[in-house]
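Here's the structure we're looking at; comments come further down.
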Amino acid sequence: MIYLDHAATTPMRPEARDAMTPFLGDGFGNPSGVHAVSRRAKNALEGARERAAELLGAAGPLEIVFTGGGTESDNLGIAGPVLARGGGVAVSAIEHEAVLETAGFLARLGHGRTVIGVGADGRVDPAEAASLPGDTALVSVMAANNETGIRQPVAAVAAAVRRAIPGAVVHTDAVQEMVSEPVWIPDLGVDLLTIASHKLGGPKGVGLLWIREGVALEPVLHGGGQEMGRRSGTHDVAGIAGMVAAMESAVADRERFRERVGEARERFEARLWSELGATATASAGHRLVQHSHLHVPGVAADSLLIRLDAAGVAAAAGSACRSGAIGRSHVLAAMHIGEEQARSSLRFTFGWTSTPEEADAAARIVVEQAEALR
Ligand SMILES: Cc1ncc(COP(=O)(O)O)c(C=O)c1O
């Protein structure tokens with residue numbers, strides 16, 4: 001199988017697996033205990049927290065809260081400050097469902113909700129900050145979109161929000177971005193940031209939320225008070241060790257990743273452009289190097305995906321997080337892409353295991369299968 005669905009999830013990096021192994025064996029302790037078995041787990045947990053803080057450029061390790069994945073980090077990072085402070089929430093129209101549905105939950109509780117539209121290029125205009133309601137407590141704009149790979153001007157949005165509503169905090173979901181772009185907190189100007197392990201070559205079901213010191217937060221999981229009361233629940237020490245090893249390896253490998261994946265995507269797309277008349281959804285300057293979201297005129301994406309699966313290529317239509325259902329993509333709708341084009345759009349996402357040779361083989365299969373359908 002040629003795996004071109006890395007935006008859905010990634011194969012585990014060997015470094016992540018190695019980092020997890022001790023905590024799946026002798027190092028099984030609960031870090032909250034008082035004995036030697038717990039201390040070993042606690043040391044690993046706090047070491048991972050320090051390393052995660054360094055890799056993101058956080059001011060200190062206590063700004064990192066470990067969670068059960070990207071969805072939970074988005075829920076805590078958005079509901080947490082809004083519930084603590086009161087006021088409204090503003091999210092961009094192209095956010096992942098974990099963000100959109102959290103804003104919906106807050107709206108049901110009576111908080112104001114504003115949805116910030118995007119242009120035809122799929123990007124938020126930072127000037128939109130000036131028209132947000134004055135009682136907006138939190139604004140969430142993702143770093144890069146999981147369907148199209150389009151990157152957002154997060155630093156400019158954060159600066160514009162500060163000027164327009166000095167009391168508001170800004171959250172960004174950097175789940176798709178970190179594998180290929182620097183995610184460096186001092187450059188972003190945000191207050192909260194979400195990372196998910198399994199998009200980086202780490203295990204599933206683990207993530208982190210970075211929270212700038214001083215940002216008040218109401219927890220969403222209540223219980224034993226772990227993570228300084230911000231996220232209760234016994235720590236998945238193996239998962240956390242695996243995630244931080246994957247982050248470390250992604251950061252160290254980033255330049256080579258960009259070269260390898262950039263070449264793979266270029267060769268893949270060149271063939272689809274010339275042989276199928278396919279076109280990219282996003283302009284090259286604003287998309288992640290690993291994403292190829294494209295339109296194949298005259299071909300139904302769902303039929304092509306089934307044929308590709310049978311021929312040995314794993315790809316996706318729309319967002320992978322909607323459990324396999326191919327519905328109308330809210331991201332493409334927000335970009336005013338019509339039904340017809342949306343129905344013949346596919347997403348191929350390259351990753352740390354991808355090679356240019358594999359991309360050539362995949363392009364050949366895509367061309368064959370698409371031509372068979374036309
Ligand atoms: C941008 C984005 N945010 C959040 C999530 C959810 O992360 P998780 O699968 O770790 O819950 C995803 C998963 O696809 C994503 O792409």
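Identifiers in the structure tokens: chain A, B, ... in order shown; residue index from 1 per chain; ligand index from 1 in order shown.
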
For chain A against ligand 1, with a cut-off of 10 Å and counting only C-alpha atoms and all ligand atoms, what is the closest atom pair and its distance in Å to one decimal for every residue that makes the cut, ordered by chain and number, as a tab-separated table?
```
residue	atom	partner	partner_atom_place_in_ligand_line	distance
A:His6	CA	ligand 1	14 (O)	9.7
A:Ala7	CA	ligand 1	16 (O)	6.5
A:Ala8	CA	ligand 1	14 (O)	5.4
A:Thr9	CA	ligand 1	14 (O)	7.3
A:Thr67	CA	ligand 1	10 (O)	9.4
A:Gly68	CA	ligand 1	10 (O)	7.4
A:Gly69	CA	ligand 1	10 (O)	3.8
A:Gly70	CA	ligand 1	7 (O)	3.4
A:Thr71	CA	ligand 1	11 (O)	3.7
A:Glu72	CA	ligand 1	11 (O)	6.4
A:Ser73	CA	ligand 1	11 (O)	8.0
A:Asp74	CA	ligand 1	4 (C)	6.9
A:Asn75	CA	ligand 1	4 (C)	9.7
A:Ile94	CA	ligand 1	1 (C)	9.6
A:Glu95	CA	ligand 1	1 (C)	7.0
A:His96	CA	ligand 1	3 (N)	5.2
A:Glu97	CA	ligand 1	4 (C)	7.5
A:Ala98	CA	ligand 1	4 (C)	5.9
A:Val99	CA	ligand 1	3 (N)	7.6
A:Met142	CA	ligand 1	1 (C)	7.0
A:Ala143	CA	ligand 1	1 (C)	8.2
A:Ala144	CA	ligand 1	1 (C)	7.1
A:Asn145	CA	ligand 1	1 (C)	5.9
A:Asn146	CA	ligand 1	16 (O)	4.6
A:Glu147	CA	ligand 1	16 (O)	7.8
A:Gly149	CA	ligand 1	1 (C)	9.5
A:Thr172	CA	ligand 1	1 (C)	9.5
A:Asp173	CA	ligand 1	3 (N)	5.9
A:Ala174	CA	ligand 1	1 (C)	6.8
A:Val175	CA	ligand 1	1 (C)	5.0
A:Gln176	CA	ligand 1	1 (C)	5.6
A:Glu177	CA	ligand 1	1 (C)	8.5
A:Thr194	CA	ligand 1	3 (N)	7.8
A:Ile195	CA	ligand 1	10 (O)	7.9
A:Ala196	CA	ligand 1	10 (O)	4.7
A:Ser197	CA	ligand 1	10 (O)	6.8
A:His198	CA	ligand 1	10 (O)	6.5
A:Lys199	CA	ligand 1	10 (O)	7.6
A:Pro203	CA	ligand 1	10 (O)	9.5
A:Lys204	CA	ligand 1	10 (O)	6.6
A:Gly205	CA	ligand 1	10 (O)	6.0
A:Val206	CA	ligand 1	10 (O)	6.6
A:Gly207	CA	ligand 1	10 (O)	6.4
A:Leu208	CA	ligand 1	10 (O)	9.5
A:Ser319	CA	ligand 1	14 (O)	7.2
A:Ala320	CA	ligand 1	14 (O)	6.1
A:Cys321	CA	ligand 1	14 (O)	5.0
A:Arg322	CA	ligand 1	14 (O)	8.7
```

- request: Do a neighbour search on Glu218 (chain A) at 6 Å with only C-alpha atoms, toss out local chain neighbours closer than 6 positions, and write the hits as a list in words.
  value: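 Contacts, in chain order: Gly80, Leu83 and Ala84 of chain A.
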
Write the selection just made, keeping all heavy atoms, as a PDB file, in the first residue's frame?
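Below is the file part_30.pdb, written as the result:
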```pdb
ATOM      1  N   GLY A  80     -11.898  26.219  28.037  1.00  0.00           N
ATOM      2  CA  GLY A  80     -11.261  26.551  29.320  1.00  0.00           C
ATOM      3  C   GLY A  80     -11.222  28.050  29.597  1.00  0.00           C
ATOM      4  O   GLY A  80     -11.775  28.512  30.606  1.00  0.00           O
ATOM      5  N   LEU A  83     -14.925  29.702  29.637  1.00  0.00           N
ATOM      6  CA  LEU A  83     -15.695  29.404  30.853  1.00  0.00           C
ATOM      7  C   LEU A  83     -15.112  30.157  32.049  1.00  0.00           C
ATOM      8  O   LEU A  83     -15.843  30.589  32.936  1.00  0.00           O
ATOM      9  CB  LEU A  83     -15.690  27.889  31.130  1.00  0.00           C
ATOM     10  CG  LEU A  83     -16.450  27.040  30.099  1.00  0.00           C
ATOM     11  CD1 LEU A  83     -16.280  25.549  30.394  1.00  0.00           C
ATOM     12  CD2 LEU A  83     -17.935  27.393  30.061  1.00  0.00           C
ATOM     13  N   ALA A  84     -13.781  30.328  32.063  1.00  0.00           N
ATOM     14  CA  ALA A  84     -13.155  31.032  33.200  1.00  0.00           C
ATOM     15  C   ALA A  84     -13.436  32.526  33.165  1.00  0.00           C
ATOM     16  O   ALA A  84     -13.586  33.163  34.208  1.00  0.00           O
ATOM     17  CB  ALA A  84     -11.643  30.783  33.190  1.00  0.00           C
TER      18      ALA A  84
END
```

task: Run DSSP on the backbone and give me the residues of region 91-286 of chain A it puts in strand (DSSP E or B), as an NGL selection string.
output: :A and (91-92 or 113-116 or 136-140 or 144 or 150-151 or 169-173 or 192-196 or 207-211 or 279-280)

- prompt: Within 9 Å of Arg39 (chain A), counting only C-alpha atoms, which residues qualify if same-chain residues fewer than 6 places away don't, as a list in words?
  reply: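 Here the answer would be Gly29, Asn30, Pro31, Ser32 and Gly33 of chain A.
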
Using N, CA and C atoms, can you export the residues from the last selection as a JSON list (two decimals), in the first residue's frame?
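Now in part-v5.json:
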```
[["chain", "number", "residue", "atom", "x", "y", "z"],
["A", 29, "GLY", "N", 4.75, 2.81, 36.44],
["A", 29, "GLY", "CA", 4.21, 3.51, 37.61],
["A", 29, "GLY", "C", 3.29, 4.67, 37.30],
["A", 30, "ASN", "N", 2.47, 4.98, 38.31],
["A", 30, "ASN", "CA", 1.60, 6.16, 38.24],
["A", 30, "ASN", "C", 2.40, 7.34, 38.78],
["A", 31, "PRO", "N", 2.65, 8.36, 37.98],
["A", 31, "PRO", "CA", 3.54, 9.45, 38.43],
["A", 31, "PRO", "C", 3.03, 10.20, 39.65],
["A", 32, "SER", "N", 1.77, 9.99, 40.03],
["A", 32, "SER", "CA", 1.25, 10.73, 41.18],
["A", 32, "SER", "C", 1.58, 10.08, 42.52],
["A", 33, "GLY", "N", 2.19, 8.89, 42.54],
["A", 33, "GLY", "CA", 2.47, 8.21, 43.82],
["A", 33, "GLY", "C", 3.71, 8.75, 44.51]]
```

- request: Would you please work out which residue, of A:Gly351, A:Gly262, A:Gly298, A:Pro186, is nearest to Leu373 (chain A) when using only C-alpha atoms?
  value: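 Nearest candidate to Leu373 (chain A) out of A:Gly351, A:Gly262, A:Gly298, A:Pro186: A:Gly298.
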
Atomic separation - CA of Pro297 (chain A) relative to CA of Val366 (chain A), Å: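 Going from CA of Val366 (chain A) over to CA of Pro297 (chain A) covers 13.2 Å.
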
message: Among region 136-165 of chain A, which ones does DSSP assign to helix (DSSP H, G or I) (computed from the backbone)? Answer as JSON, numbers by chain.
response: {"A": [154, 155, 156, 157, 158, 159, 160, 161, 162, 163, 164]}

Asp191 (chain A) environment, 9 Å, only C-alpha atoms, sequence neighbours closer than 6 positions dropped, as JSON, numbers by chain: {"A": [158, 169, 170, 171, 172, 185, 210, 211, 212, 213, 215]}

message: Between CA of Leu217 (chain A) and CA of Glu101 (chain A), what is the distance in Å, rounded to a tenth?
response: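 Separating CA of Leu217 (chain A) from CA of Glu101 (chain A) is a distance of 18.5 Å.
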
message: Residues within 9 Å of Leu132 (chain A), please, as a VMD selection string. Count only C-alpha atoms; anything in the same chain fewer than 6 positions from it doesn't count.
response: chain A and resid 90 114 116 161 164 to 165

message: Could you list, as number ranges by chain, every residue within 8 Å of Phe23 (chain A), counting only C-alpha atoms and ignoring same-chain residues fewer than 4 positions away?
response: A: 27-29, 41, 237-238

query: Which one is closest to Gly214 (chain A): A:Ala52, A:Ala120, A:Leu62, A:Ala103? Count only C-alpha atoms.
result: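 Ranked by minimum distance to Gly214 (chain A), first place goes to A:Leu62.
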
task: Find the residues near Ala280 (chain A): any atom within 8 Å, counting only C-alpha atoms, skip ones fewer than 4 places away on the same chain, and give them as number ranges by chain.
output: A: 292-295

task: Give the answer as one residue: which of A:Leu55, A:Val367, A:Leu308, A:Ala155 has the shortest atom-to-atom distance to Leu188 (chain A), using only C-alpha atoms?
output: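 The closest residue to Leu188 (chain A) is A:Ala155.
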